[in-house]
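Enquirer: One file: input_34.cif (mmCIF, C-alpha atoms).
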```
data_work
loop_
_atom_site.label_atom_id
_atom_site.label_comp_id
_atom_site.auth_asym_id
_atom_site.auth_seq_id
_atom_site.Cartn_x
_atom_site.Cartn_y
_atom_site.Cartn_z
CA ARG A 1 87.97 -17.74 -121.13
CA SER A 2 91.68 -18.28 -120.43
CA GLN A 3 92.03 -14.66 -119.23
CA SER A 4 94.95 -14.19 -121.67
CA VAL A 5 93.31 -11.06 -123.15
CA ASP A 6 91.33 -8.22 -121.59
CA MET A 7 88.93 -7.58 -124.46
CA ILE A 8 87.37 -9.24 -127.50
CA ASP A 9 86.02 -6.54 -129.81
CA VAL A 10 83.83 -8.93 -131.81
CA VAL A 11 82.46 -11.93 -129.94
CA PRO A 12 81.26 -14.62 -132.39
CA TRP A 13 77.50 -14.94 -132.09
CA LYS A 14 77.78 -18.68 -131.40
CA ASP A 15 79.87 -17.95 -128.29
CA ILE A 16 77.77 -15.21 -126.68
CA ASN A 17 75.66 -17.45 -124.43
CA ALA A 18 78.64 -19.49 -123.22
CA LEU A 19 80.64 -16.39 -122.34
CA ARG A 20 77.66 -14.86 -120.55
CA ARG A 21 77.76 -17.80 -118.16
CA ASN A 22 81.40 -17.08 -117.29
CA PRO A 23 81.54 -14.86 -114.16
CA ALA A 24 84.99 -13.56 -115.15
CA VAL A 25 83.70 -12.13 -118.42
CA ARG A 26 81.31 -9.24 -119.07
CA ILE A 27 79.39 -9.26 -122.37
CA ASP A 28 78.24 -5.89 -123.69
CA MET A 29 75.65 -5.85 -126.50
CA ALA A 30 75.02 -3.02 -128.94
CA GLY A 31 72.58 -2.64 -131.81
CA GLY A 32 72.05 -0.35 -134.76
CA VAL A 33 73.72 -2.47 -137.44
CA PHE A 34 71.44 -4.31 -139.87
CA MET A 35 71.82 -6.84 -142.65
CA SER A 36 70.21 -6.23 -146.03
CA VAL A 37 70.24 -7.28 -149.65
CA TRP A 38 71.05 -4.47 -152.04
CA PHE A 39 69.87 -4.66 -155.63
CA ASN A 40 71.27 -3.17 -158.79
CA PRO A 41 68.15 -1.58 -160.32
CA SER A 42 69.97 -0.98 -163.60
CA LYS A 43 70.08 -4.75 -164.20
CA LYS A 44 67.11 -6.98 -164.92
CA PRO A 45 65.18 -8.42 -163.19
CA PHE A 46 65.91 -6.12 -160.25
CA ASP A 47 64.84 -3.03 -162.16
CA ASP A 48 61.26 -3.98 -161.24
CA PRO A 49 60.09 -3.08 -157.69
CA ARG A 50 57.65 -6.00 -157.81
CA VAL A 51 60.56 -8.42 -158.07
CA ARG A 52 62.33 -6.75 -155.18
CA ARG A 53 59.18 -6.87 -153.04
CA ALA A 54 58.69 -10.53 -153.97
CA ILE A 55 62.11 -11.29 -152.54
CA ALA A 56 61.23 -9.31 -149.41
CA PHE A 57 58.18 -11.54 -148.91
CA ALA A 58 60.14 -14.74 -149.62
CA VAL A 59 62.94 -14.33 -147.07
CA ASP A 60 62.57 -16.20 -143.78
CA ARG A 61 64.09 -13.68 -141.39
CA GLU A 62 63.49 -15.83 -138.32
CA ALA A 63 65.52 -18.61 -139.92
CA VAL A 64 68.34 -16.15 -140.64
CA SER A 65 68.30 -14.95 -137.04
CA LYS A 66 68.55 -18.49 -135.67
CA ALA A 67 71.06 -19.90 -138.15
CA ALA A 68 73.44 -16.96 -138.55
CA PHE A 69 73.02 -15.02 -135.30
CA PHE A 70 71.97 -17.67 -132.77
CA GLY A 71 68.94 -15.56 -131.93
CA TYR A 72 70.85 -12.26 -131.63
CA GLY A 73 69.39 -10.78 -134.80
CA LYS A 74 65.84 -9.46 -134.55
CA PRO A 75 64.03 -9.59 -137.92
CA ILE A 76 63.22 -6.37 -139.77
CA TYR A 77 59.87 -6.54 -141.56
CA GLY A 78 59.60 -2.83 -142.29
CA ALA A 79 62.08 0.06 -142.37
CA PRO A 80 65.46 0.07 -140.56
CA SER A 81 64.78 2.79 -138.00
CA THR A 82 64.69 1.84 -134.34
CA SER A 83 61.32 1.63 -132.62
CA ASP A 84 62.28 4.39 -130.15
CA SER A 85 62.87 6.92 -132.93
CA PRO A 86 60.16 9.60 -133.27
CA TYR A 87 60.49 9.12 -137.03
CA HIS A 88 59.92 5.35 -137.02
CA ASN A 89 56.92 4.32 -139.10
CA SER A 90 55.42 1.60 -136.89
CA ALA A 91 52.62 1.02 -139.41
CA LEU A 92 55.20 -0.75 -141.58
CA ASP A 93 56.51 -3.11 -138.90
CA GLN A 94 54.78 -6.22 -140.27
CA THR A 95 54.92 -5.36 -143.97
CA PHE A 96 57.18 -8.16 -145.12
CA VAL A 97 56.20 -11.01 -142.82
CA ARG A 98 56.97 -14.10 -144.87
CA ASP A 99 54.29 -14.77 -147.48
CA LEU A 100 55.28 -17.17 -150.27
CA PRO A 101 51.96 -16.95 -152.20
CA ARG A 102 52.33 -13.16 -152.26
CA ALA A 103 55.92 -13.48 -153.45
CA ARG A 104 54.92 -15.84 -156.27
CA ALA A 105 52.05 -13.56 -157.30
CA LEU A 106 54.36 -10.54 -157.52
CA LEU A 107 56.85 -12.51 -159.62
CA ALA A 108 54.08 -13.58 -161.98
CA GLU A 109 52.79 -10.00 -162.20
CA ALA A 110 56.31 -8.84 -163.08
CA GLY A 111 56.53 -11.42 -165.87
CA TYR A 112 58.49 -14.14 -164.07
CA PRO A 113 55.90 -16.84 -163.23
CA GLN A 114 58.59 -19.54 -163.39
CA GLY A 115 61.18 -17.47 -161.52
CA PHE A 116 64.63 -16.66 -162.88
CA GLU A 117 68.36 -17.03 -162.31
CA ALA A 118 70.27 -14.33 -160.42
CA SER A 119 73.46 -13.79 -158.46
CA MET A 120 74.43 -12.26 -155.13
CA VAL A 121 77.90 -11.15 -154.03
CA VAL A 122 78.71 -12.33 -150.50
CA PHE A 123 81.62 -11.63 -148.17
CA GLN A 124 83.31 -14.96 -147.48
CA GLY A 125 85.28 -13.91 -144.41
CA MET A 126 82.52 -14.04 -141.77
CA GLY A 127 80.09 -16.87 -141.15
CA ILE A 128 77.18 -14.49 -140.56
CA TYR A 129 77.37 -13.46 -144.21
CA THR A 130 77.72 -16.90 -145.75
CA THR A 131 75.06 -18.45 -143.50
CA THR A 132 72.63 -15.59 -144.13
CA ALA A 133 73.22 -15.95 -147.86
CA GLN A 134 72.63 -19.70 -147.77
CA VAL A 135 69.31 -19.25 -145.95
CA ILE A 136 68.21 -16.61 -148.47
CA GLN A 137 69.31 -18.86 -151.33
CA ALA A 138 67.14 -21.70 -150.01
CA ASN A 139 64.20 -19.34 -149.38
CA LEU A 140 64.26 -17.97 -152.92
CA LYS A 141 64.45 -21.46 -154.39
CA GLU A 142 60.94 -21.97 -152.98
CA VAL A 143 59.56 -19.29 -155.29
CA GLY A 144 61.54 -20.37 -158.35
CA ILE A 145 64.56 -18.07 -158.04
CA ASP A 146 67.88 -19.83 -158.63
CA LEU A 147 70.32 -17.62 -156.73
CA LYS A 148 74.03 -18.11 -157.36
CA LEU A 149 76.29 -16.99 -154.50
CA GLU A 150 79.47 -15.22 -155.58
CA LEU A 151 81.87 -15.39 -152.61
CA ALA A 152 84.39 -12.56 -152.41
CA GLU A 153 87.05 -11.07 -150.17
CA TRP A 154 86.02 -7.80 -148.53
CA ALA A 155 88.25 -5.62 -150.73
CA THR A 156 86.80 -7.25 -153.86
CA LEU A 157 83.25 -6.85 -152.59
CA LEU A 158 83.79 -3.16 -151.84
CA ASP A 159 85.32 -2.59 -155.26
CA ARG A 160 82.38 -4.24 -156.99
CA LYS A 161 79.91 -2.31 -154.79
CA ASN A 162 81.59 0.98 -155.61
CA ARG A 163 81.49 0.22 -159.35
CA GLY A 164 77.95 -1.13 -159.33
CA ASP A 165 79.27 -4.46 -160.61
CA TYR A 166 76.66 -6.86 -159.23
CA GLN A 167 73.06 -7.95 -159.54
CA SER A 168 72.62 -8.08 -155.78
CA VAL A 169 74.93 -7.95 -152.78
CA LEU A 170 74.52 -8.89 -149.12
CA TYR A 171 75.68 -6.01 -146.93
CA GLY A 172 75.78 -5.01 -143.28
CA THR A 173 75.56 -1.34 -142.39
CA SER A 174 73.82 1.08 -140.01
CA LEU A 175 72.01 4.38 -139.93
CA LYS A 176 75.12 6.54 -139.93
CA ILE A 177 73.60 9.20 -137.72
CA PRO A 178 70.57 8.98 -135.37
CA ASP A 179 68.47 10.99 -137.82
CA PRO A 180 66.45 9.85 -140.86
CA ASP A 181 68.18 12.47 -143.02
CA THR A 182 70.75 9.71 -143.44
CA TYR A 183 68.38 8.10 -145.96
CA LEU A 184 69.71 10.65 -148.46
CA TYR A 185 73.17 9.19 -147.88
CA TYR A 186 71.79 5.84 -149.01
CA TYR A 187 69.24 6.75 -151.65
CA GLY A 188 70.12 10.22 -152.92
CA ALA A 189 70.93 9.94 -156.62
CA GLU A 190 74.32 11.61 -156.20
CA SER A 191 75.41 9.48 -153.25
CA THR A 192 78.40 7.30 -154.11
CA PHE A 193 77.64 5.00 -151.16
CA TRP A 194 75.05 3.08 -153.18
CA ALA A 195 72.67 5.00 -155.45
CA LYS A 196 75.01 6.65 -157.95
CA PRO A 197 77.08 3.57 -158.92
CA VAL A 198 73.89 1.63 -159.76
CA GLY A 199 72.00 4.53 -161.31
CA PHE A 200 69.22 4.61 -158.74
CA ARG A 201 67.06 7.72 -158.79
CA ASP A 202 63.70 8.21 -157.08
CA PRO A 203 62.57 11.84 -157.45
CA GLU A 204 59.53 11.25 -155.23
CA LEU A 205 61.68 9.97 -152.35
CA GLU A 206 64.21 12.77 -152.77
CA THR A 207 61.46 15.40 -152.70
CA ILE A 208 60.05 13.96 -149.47
CA LEU A 209 63.50 13.84 -147.86
CA ALA A 210 64.27 17.39 -148.96
CA GLN A 211 61.05 18.59 -147.33
CA GLY A 212 62.03 16.87 -144.09
CA ARG A 213 65.50 18.40 -144.22
CA ALA A 214 63.98 21.88 -144.60
CA ARG A 215 62.24 21.64 -141.21
CA VAL A 216 63.73 21.84 -137.73
CA ALA A 217 61.08 20.81 -135.20
CA THR A 218 60.59 17.07 -134.76
CA GLU A 219 56.81 17.26 -135.11
CA GLU A 220 57.14 19.21 -138.36
CA ARG A 221 59.68 16.78 -139.79
CA ARG A 222 57.99 13.59 -138.66
CA PRO A 223 55.23 13.35 -141.34
CA PHE A 224 57.81 13.60 -144.12
CA TYR A 225 60.02 10.84 -142.73
CA LEU A 226 57.02 8.58 -142.16
CA GLN A 227 56.26 9.10 -145.87
CA ALA A 228 59.90 8.46 -146.75
CA GLU A 229 59.92 5.10 -144.99
CA GLN A 230 56.64 4.21 -146.70
CA ARG A 231 58.21 5.00 -150.06
CA ILE A 232 61.36 3.01 -149.27
CA VAL A 233 59.30 -0.05 -148.37
CA GLU A 234 57.08 0.36 -151.46
CA THR A 235 60.04 0.49 -153.86
CA SER A 236 62.34 -1.83 -151.86
CA PRO A 237 65.69 -0.85 -153.37
CA TRP A 238 67.09 -2.86 -150.46
CA VAL A 239 65.50 -5.78 -148.65
CA PHE A 240 66.10 -5.40 -144.92
CA ILE A 241 66.76 -8.72 -143.21
CA ASN A 242 67.57 -8.31 -139.52
CA TRP A 243 69.23 -6.23 -136.85
CA ARG A 244 72.72 -7.46 -136.08
CA GLU A 245 73.38 -7.26 -132.37
CA GLN A 246 77.12 -6.96 -131.81
CA ALA A 247 78.81 -8.27 -128.67
CA GLN A 248 82.08 -7.25 -127.09
CA GLY A 249 83.60 -9.19 -124.22
CA TYR A 250 85.72 -7.83 -121.40
CA SER A 251 87.65 -9.25 -118.53
CA SER A 252 86.32 -8.21 -115.13
CA ARG A 253 89.54 -6.16 -114.88
CA VAL A 254 88.29 -3.74 -117.57
CA GLN A 255 86.47 -0.74 -116.11
CA GLY A 256 85.00 2.48 -117.55
CA TYR A 257 84.40 1.27 -121.12
CA ALA A 258 81.06 0.81 -122.86
CA GLN A 259 80.24 -0.16 -126.42
CA ARG A 260 78.26 2.40 -128.42
CA ASN A 261 75.27 1.75 -130.64
CA GLY A 262 74.81 2.46 -134.34
CA SER A 263 77.60 3.34 -136.73
CA ILE A 264 80.21 3.41 -133.96
CA SER A 265 79.31 -0.17 -133.07
CA GLU A 266 79.50 -1.08 -136.75
CA SER A 267 83.08 0.23 -136.88
CA SER A 268 84.18 -1.30 -133.58
CA PRO A 269 86.28 -4.11 -135.14
CA GLY A 270 88.55 -1.39 -136.47
CA LEU A 271 89.03 0.17 -133.02
CA SER A 272 91.51 -0.94 -130.36
CA LEU A 273 92.12 0.00 -126.74
#
```
Please go through the file and, once you have read it, give me the structure as structure tokens.
Expert:
Amino acid sequence: RSQSVDMIDVVPWKDINALRRNPAVRIDMAGGVFMSVWFNPSKKPFDDPRVRRAIAFAVDREAVSKAAFFGYGKPIYGAPSTSDSPYHNSALDQTFVRDLPRARALLAEAGYPQGFEASMVVFQGMGIYTTTAQVIQANLKEVGIDLKLELAEWATLLDRKNRGDYQSVLYGTSLKIPDPDTYLYYYGAESTFWAKPVGFRDPELETILAQGRARVATEERRPFYLQAEQRIVETSPWVFINWREQAQGYSSRVQGYAQRNGSISESSPGLSL
């Protein structure tokens, strides 16, 4: 606002609307990054897909969007592929609309009719993480889950993620490439990004993804990736919360620069002009 800098590479979500009203500032939005809760399926109670799905039904994604992202965080009720992707399974788009009775029923079916105690590791350095976690904590309390938030610095969180040292963790990431083959990067049993440190293995999902990888034409690949997203939602190794629109702000003096979507947008705080 003071014109003392030419660019802000991460505009706080609470300031986006105010800066948009400033004629001397241009706000550029990019998507592709999403927030999600990752589970450690080697630790009870998150070894049971019914528990993970119960949490998916319990989370109030609209409340997260409003509280943490000031409306710049569209809820994800299905899989985290964009609606313009030919591989997006639109039949899943309303799967996890909030349904507390369904969440309670799944918990009871899994053997937790009174709920349970659990923990979630949360990055303490950005308000979007702590606010999102607090909303989720309150949501889960409604179905009997007492969620303890373990605040951590980013380096500590990454170390614990890489060692599989958590029950659950709140994480922001993106589809690393604009192709659903990236699901193997997340869920392939040998991937050190998430699956291997927590011992996750889903042979059915890996078979589907391998069949998709073996084809070239979009129409030949599409049925397999629709199945893959169905399987991911059914097993819910992660609970997808919302898209995280990211804003950059530029002085009117800045010309010829545009923010990119997806994984490049996710990494933008580490880039400089």
Enquirer: From the list A:Trp38, A:Phe116, A:Trp154, A:Tyr77, which residue is nearest Phe193 (chain A) when using all atoms listed in the file?
Expert: A:Trp38
Enquirer: Counting all atoms listed in the file, what is within 7 Å of Ser168 (chain A), bar same-chain residues fewer than 5 positions away, as a ChimeraX atom specification?
Expert: /A:37-40,119-121
Enquirer: My list of candidates is A:Leu100, A:Pro41, A:Gly249, A:Ile27. Which is closest to Asp165 (chain A) when distances are computed with all atoms listed in the file?
Expert: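 Result for the nearest residue to Asp165 (chain A): A:Pro41.
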Enquirer: Region 182-189 of chain A: which residues within 9 Å, counting only C-alpha atoms, same-chain residues fewer than 3 positions away excluded, as a list in words?
Expert: Leu175, Lys176, Ile177, Pro178, Asp179, Thr192, Phe193, Trp194, Ala195, Lys196, Gly199, Phe200, Arg201, Asp202, Pro203, Leu205, Glu206, Leu209, Ala210, Ala228 and Pro237 of chain A
Enquirer: Please compute the CA of Tyr171 (chain A)-CA of Arg244 (chain A) distance, one decimal, in Å.
Expert: 11.3 Å
